[in-house]
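Heads up, the thing below is written out as structure tokens.
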Protein chains: 2
Amino acid sequence: MERRRADCIADDLEGLIFDGTFADGERLDEVQLANRFSVSRTPVREALQRLTQSGLVVQIPRRGVFVRQPGPVELLEMFEVMAELEAVCARLAASRISDEGFNDLLDANRRCKSVVEVLDTDTYYRENERFHAILYRQSGNAFLEQECLRLQRRLQPFRRVQLRVRGRMSQSMAEHEAIVAAIGDGDGERAAEAIRQHVSVQGEKFHHLIARLKPAAE
Amino acid sequence: MERRRADCIADDLEGLIFDGTFADGERLDEVQLANRFSVSRTPVREALQRLTQSGLVVQIPRRGVFVRQPGPVELLEMFEVMAELEAVCARLAASRISDEGFNDLLDANRRCKSVVEVLDTDTYYRENERFHAILYRQSGNAFLEQECLRLQRRLQPFRRVQLRVRGRMSQSMAEHEAIVAAIGDGDGERAAEAIRQHVSVQGEKFHHLIARLKPAAE
DNA sequence: ATTGTCATTCTTGTATACAAAAAGGCTTGA
DNA sequence: TCAAGCCTTTTTGTATACAAGAATGACAAT
């Protein structure tokens, strides 16, 4: 599928917002961006509209678009929704998953486990994402799957931070095991509760998330 | 808040797609639409991009945008997600709702009930929507609330049809009562199950939805 | 000194012009 | 008759030009 310039710019901008090049509340100047990417304002505007829809920026008519990083409260809310959505996936998967699908899940989990032993957080992050994506798929609801992927993508930069905490990887693995076991038993409620614990931000995780949230405040 | 032409066009187009002026699979010609709305292609393109994000049309690069009505399967999936999201709202609300919030819910329910007696489906539809919106709010999670409103809006034209079924309004009311009662008791699981039944498409509702789905197939 | 008004400048929103890619039709060959 | 290749036309994607609203700053009046 051919990509237009506007699409590339949207992706690049997303990265620039994630890595802090554009701070929260900052206005994104159309002509500046156009110069930066060596294009006209038209594709820049299209890209900004896409970012508006995904919630990274907010657009005020005849004022401009402004970066809008979620604050601590909104972030917790988003993680809560993610946890609940994944819980739904797990519950549905427990009664709908096929033998083949379950094997995919086991396989993804094995790959995670092999990475944990090497302590490679980046790779683990990717494999973990794959594990969750398979779970979404096994919900048997393609629309739900898409919604989960959307939110997962949105939370990506924050989730990544979480894994850096010492011992978090092995704990994450243990939680995976519990999830898989519950689904294997066809126990939807147990699976839902297990993944809710896995994803939601509580206790230690809460402090780390908040601490990492404002590195610019120093 | 000032509205731009592109926003109005997006809304109008949404309506035109809902009411069947543009059929499923049809290509939306930019210049045609520009003429229709007496504007240039620019705001039309912006509007189409917005519709793309909300899923009403699909955009194929360098080919154009095409209307994409959800088929029966996708529709059922969307209703399932709606049911599950509302179930989450209900469960969270059961433990988080304040006295004031509970009064709002009772009030909204009373308004529904008074409409049922007059058998005014349109007004009932609006009041029912309000009831659900209050429930979203009472989940205590603003992000969840927004997501629910988004999906509710997307399912609006299909939901409307459902209510036309004879006796559906009074059944809907009875279900509301059960939901409110469960939340009043602080019983999250019971509230979740009640609203799941209320929203999900099963049994009779399934047939009516499918039957109404393709009126152009005659 | 502060506030209100006016004018300038800047920025967004829209229209138009141009470029590039795809669709459609024609010819030509077997 | 059918298919392949080329050319024309159509349509999307991008650049530029123009219009209208908002921000800024100066100046005047209280």
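The chains in the structure tokens are called A, B, ... from first to last as shown; in each chain the residues are counted from 1, and the ligands are counted from 1 in the order shown.
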
When DSSP works through the backbone of this structure, what residues of region 34-191 of chain B end up as helix (DSSP H, G or I), shown as an MDAnalysis selection string?
chainID B and resid 34:37 41:54 72:96 99:116 121:138 142:163 168:184 188:191

When the cut-off is 10 Å and we count only C-alpha atoms (C1' of nucleotides), which residues of chain D are near chain A, given as an mmCIF file with N, CA, C and O atoms (P, O5', C5', C4', C3', O3' and C1' of nucleotides), in the first residue's frame?
```cif
data_model
loop_
_atom_site.group_PDB
_atom_site.id
_atom_site.type_symbol
_atom_site.label_atom_id
_atom_site.label_comp_id
_atom_site.auth_asym_id
_atom_site.auth_seq_id
_atom_site.Cartn_x
_atom_site.Cartn_y
_atom_site.Cartn_z
ATOM 1 P P DG D 13 -5.210 10.752 -2.113
ATOM 2 O "O5'" DG D 13 -3.980 11.720 -2.425
ATOM 3 C "C5'" DG D 13 -2.774 11.134 -2.885
ATOM 4 C "C4'" DG D 13 -1.733 12.208 -3.115
ATOM 5 C "C3'" DG D 13 -1.438 13.085 -1.890
ATOM 6 O "O3'" DG D 13 -0.024 13.226 -1.773
ATOM 7 C "C1'" DG D 13 -2.006 14.455 -3.730
ATOM 8 P P DT D 14 0.578 13.984 -0.499
ATOM 9 O "O5'" DT D 14 0.960 15.398 -1.131
ATOM 10 C "C5'" DT D 14 1.926 15.442 -2.168
ATOM 11 C "C4'" DT D 14 2.055 16.843 -2.699
ATOM 12 C "C3'" DT D 14 2.406 17.915 -1.670
ATOM 13 O "O3'" DT D 14 3.634 18.492 -2.055
ATOM 14 C "C1'" DT D 14 0.667 18.644 -3.119
ATOM 15 P P DA D 15 4.307 19.623 -1.167
ATOM 16 O "O5'" DA D 15 3.949 20.919 -2.016
ATOM 17 C "C5'" DA D 15 4.377 20.986 -3.360
ATOM 18 C "C4'" DA D 15 3.906 22.280 -4.020
ATOM 19 C "C3'" DA D 15 4.270 23.568 -3.262
ATOM 20 O "O3'" DA D 15 4.835 24.491 -4.180
ATOM 21 C "C1'" DA D 15 1.938 23.495 -3.700
ATOM 22 P P DT D 16 5.478 25.811 -3.599
ATOM 23 O "O5'" DT D 16 4.326 26.889 -3.830
ATOM 24 C "C5'" DT D 16 3.856 27.101 -5.161
ATOM 25 C "C4'" DT D 16 2.583 27.915 -5.170
ATOM 26 C "C3'" DT D 16 2.672 29.272 -4.447
ATOM 27 O "O3'" DT D 16 2.161 30.256 -5.325
ATOM 28 C "C1'" DT D 16 0.734 28.129 -3.807
ATOM 29 P P DA D 20 -13.041 37.373 3.069
ATOM 30 O "O5'" DA D 20 -13.012 36.900 4.585
ATOM 31 C "C5'" DA D 20 -13.059 35.506 4.873
ATOM 32 C "C4'" DA D 20 -12.528 35.274 6.268
ATOM 33 C "C3'" DA D 20 -12.886 36.360 7.284
ATOM 34 O "O3'" DA D 20 -13.164 35.762 8.521
ATOM 35 C "C1'" DA D 20 -10.586 36.072 7.256
ATOM 36 P P DG D 21 -14.169 36.429 9.523
ATOM 37 O "O5'" DG D 21 -13.609 35.973 10.944
ATOM 38 C "C5'" DG D 21 -13.237 34.621 11.139
ATOM 39 C "C4'" DG D 21 -11.969 34.541 11.962
ATOM 40 C "C3'" DG D 21 -11.993 35.347 13.266
ATOM 41 O "O3'" DG D 21 -11.650 34.489 14.330
ATOM 42 C "C1'" DG D 21 -10.007 35.781 12.070
ATOM 43 P P DA D 22 -11.724 34.917 15.827
ATOM 44 O "O5'" DA D 22 -10.197 35.042 16.237
ATOM 45 C "C5'" DA D 22 -9.383 33.880 16.156
ATOM 46 C "C4'" DA D 22 -7.945 34.230 16.482
ATOM 47 C "C3'" DA D 22 -7.737 34.938 17.830
ATOM 48 O "O3'" DA D 22 -6.573 34.404 18.422
ATOM 49 C "C1'" DA D 22 -6.811 36.234 16.092
ATOM 50 P P DA D 23 -6.254 34.670 19.958
ATOM 51 O "O5'" DA D 23 -4.851 35.425 19.908
ATOM 52 C "C5'" DA D 23 -3.761 34.752 19.295
ATOM 53 C "C4'" DA D 23 -2.637 35.729 19.014
ATOM 54 C "C3'" DA D 23 -2.165 36.535 20.241
ATOM 55 O "O3'" DA D 23 -0.751 36.514 20.269
ATOM 56 C "C1'" DA D 23 -2.713 37.998 18.468
#
```

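Within region 39-198 of chain A, the backbone-based DSSP assignment of strand (DSSP E) covers Val57, Val58, Gln59, Ile60, Gly64, Val65, Phe66 and Val67 of chain A.
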
Can you pull out the residues contacting region 7-14 of chain A? Cut-off 7 Å, using only C-alpha atoms (C1' of nucleotides), and skip same-chain residues under 4 positions away; I want them as a PDB file with C-alpha atoms, in the first residue's frame.
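What ended up in out-v8.pdb:
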```pdb
ATOM      1  CA  ARG A   3       1.996   5.877   1.595  1.00  0.00           C
ATOM      2  CA  PHE A  18       6.620  11.002  22.280  1.00  0.00           C
ATOM      3  CA  VAL A  44       1.185  19.017   7.428  1.00  0.00           C
ATOM      4  CA  ALA A  47      -1.061  14.955   9.483  1.00  0.00           C
ATOM      5  CA  LEU A  48      -2.144  17.231  12.310  1.00  0.00           C
ATOM      6  CA  ARG A  50      -4.808  12.611  12.144  1.00  0.00           C
ATOM      7  CA  LEU A  51      -2.958  13.323  15.358  1.00  0.00           C
TER       8      LEU A  51
END
```

Give me, please, the distance in Å between CA of Asp24 (chain B) and CA of Leu56 (chain B), quoted to one decimal.
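We find that CA of Asp24 (chain B) and CA of Leu56 (chain B) lie 9.7 Å from each other.
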
Distance cut-off 10 Å, counting only C-alpha atoms (C1' of nucleotides) - which residues of chain C neighbour chain A? Return them as a list of chain:residue names.
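Listed by rising number, the hits are C:DT11, C:DT12, C:DG13.
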
Go ahead and save the residues from that selection, with C-alpha atoms (C1' of nucleotides), as a PDB file, in the first residue's frame.
```
ATOM      1  C1'  DT C  11      -1.751  32.378  11.562  1.00  0.00           C
ATOM      2  C1'  DT C  12      -5.322  29.612  10.215  1.00  0.00           C
ATOM      3  C1'  DG C  13      -8.946  28.304   6.784  1.00  0.00           C
TER       4       DG C  13
END
```

Select, as number ranges by chain, those residues of chain A with any atom no more than 12 Å from chain B (distances computed using only C-alpha atoms).
A: 1-7, 42-43, 45-55, 59-63, 70-71, 73-89, 91-92, 139-148, 150-151, 189

What's around DA7 (chain C) at 12 Å? Count only C-alpha atoms (C1' of nucleotides), leave out sequence neighbours fewer than 3 positions away in its own chain, and write the answer as a count of residues only.
4

Write out as a list in words which residues come within 12 Å of DC26 (chain C) when counting only C-alpha atoms (C1' of nucleotides), dropping same-chain ones fewer than 3 positions away.
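Those residues are DG5, DC6, DC7 and DT8 of chain D.
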
For the residues in the current selection, export all heavy atoms as a CSV table (one decimal), in the first residue's frame.
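The resulting file, out10.csv, is shown below:
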```csv
chain,number,residue,atom,x,y,z
D,5,DG,P,2.7,-6.0,-22.5
D,5,DG,OP1,4.0,-6.6,-22.6
D,5,DG,OP2,2.0,-5.8,-21.3
D,5,DG,O5',2.8,-4.6,-23.3
D,5,DG,C5',3.0,-4.5,-24.7
D,5,DG,C4',2.5,-3.2,-25.2
D,5,DG,O4',1.1,-3.1,-25.2
D,5,DG,C3',3.0,-2.0,-24.3
D,5,DG,O3',3.5,-0.9,-25.1
D,5,DG,C2',1.7,-1.5,-23.6
D,5,DG,C1',0.6,-1.9,-24.7
D,5,DG,N9,-0.7,-2.1,-24.2
D,5,DG,C8,-1.1,-2.9,-23.1
D,5,DG,N7,-2.4,-2.8,-22.8
D,5,DG,C5,-2.9,-2.0,-23.8
D,5,DG,C6,-4.2,-1.6,-24.1
D,5,DG,O6,-5.3,-1.9,-23.5
D,5,DG,N1,-4.3,-0.8,-25.2
D,5,DG,C2,-3.2,-0.3,-25.9
D,5,DG,N2,-3.5,0.5,-27.0
D,5,DG,N3,-2.0,-0.7,-25.7
D,5,DG,C4,-1.9,-1.5,-24.7
D,6,DC,P,4.4,0.2,-24.5
D,6,DC,OP1,5.7,0.2,-25.1
D,6,DC,OP2,4.2,0.2,-23.0
D,6,DC,O5',3.6,1.5,-25.0
D,6,DC,C5',3.2,1.6,-26.4
D,6,DC,C4',2.0,2.6,-26.5
D,6,DC,O4',0.9,2.0,-25.9
D,6,DC,C3',2.2,3.9,-25.9
D,6,DC,O3',1.8,4.9,-26.7
D,6,DC,C2',1.3,3.8,-24.7
D,6,DC,C1',0.2,3.0,-25.2
D,6,DC,N1,-0.6,2.3,-24.2
D,6,DC,C2,-2.0,2.4,-24.2
D,6,DC,O2,-2.6,3.0,-25.1
D,6,DC,N3,-2.7,1.7,-23.2
D,6,DC,C4,-2.1,1.0,-22.3
D,6,DC,N4,-2.9,0.4,-21.4
D,6,DC,C5,-0.7,0.9,-22.2
D,6,DC,C6,0.0,1.5,-23.2
D,7,DC,P,2.4,6.4,-26.5
D,7,DC,OP1,3.2,6.8,-27.7
D,7,DC,OP2,3.0,6.5,-25.2
D,7,DC,O5',1.1,7.3,-26.5
D,7,DC,C5',0.1,7.1,-27.5
D,7,DC,C4',-1.3,7.5,-27.0
D,7,DC,O4',-1.7,6.5,-26.0
D,7,DC,C3',-1.3,8.8,-26.3
D,7,DC,O3',-2.4,9.6,-26.8
D,7,DC,C2',-1.5,8.5,-24.8
D,7,DC,C1',-2.3,7.2,-24.9
D,7,DC,N1,-2.2,6.4,-23.7
D,7,DC,C2,-3.4,5.9,-23.1
D,7,DC,O2,-4.5,6.2,-23.6
D,7,DC,N3,-3.3,5.1,-22.0
D,7,DC,C4,-2.1,4.8,-21.5
D,7,DC,N4,-2.0,4.0,-20.4
D,7,DC,C5,-0.9,5.2,-22.1
D,7,DC,C6,-0.9,6.0,-23.2
D,8,DT,P,-2.4,11.2,-26.6
D,8,DT,OP1,-2.4,11.9,-27.9
D,8,DT,OP2,-1.3,11.5,-25.6
D,8,DT,O5',-3.8,11.4,-25.9
D,8,DT,C5',-4.9,10.8,-26.4
D,8,DT,C4',-6.0,10.7,-25.3
D,8,DT,O4',-5.6,9.7,-24.4
D,8,DT,C3',-6.3,11.9,-24.5
D,8,DT,O3',-7.7,12.2,-24.6
D,8,DT,C2',-5.8,11.6,-23.1
D,8,DT,C1',-5.9,10.1,-23.1
D,8,DT,N1,-5.0,9.5,-22.1
D,8,DT,C2,-5.5,8.7,-21.1
D,8,DT,O2,-6.7,8.5,-21.0
D,8,DT,N3,-4.6,8.1,-20.3
D,8,DT,C4,-3.2,8.3,-20.3
D,8,DT,O4,-2.5,7.7,-19.5
D,8,DT,C5,-2.7,9.1,-21.4
D,8,DT,C7,-1.3,9.4,-21.5
D,8,DT,C6,-3.6,9.7,-22.2
```

What does the distance from CA of Ile134 (chain B) to CA of Val115 (chain B) come to in Å, to one decimal?
17.6 Å

Considering only C-alpha atoms (C1' of nucleotides), return as a PyMOL selection string whatever protein or nucleic-acid residues lie within 10 Å of DA22 (chain C), sequence-local ones (same chain, fewer than 2 positions apart) excluded.
(chain B and resi 62-63) or (chain C and resi 20+24) or (chain D and resi 10-12)

Please compute the CA of His198 (chain B)-CA of Glu175 (chain B) distance, one decimal, in Å.
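Separating CA of His198 (chain B) from CA of Glu175 (chain B) is a distance of 6.1 Å.
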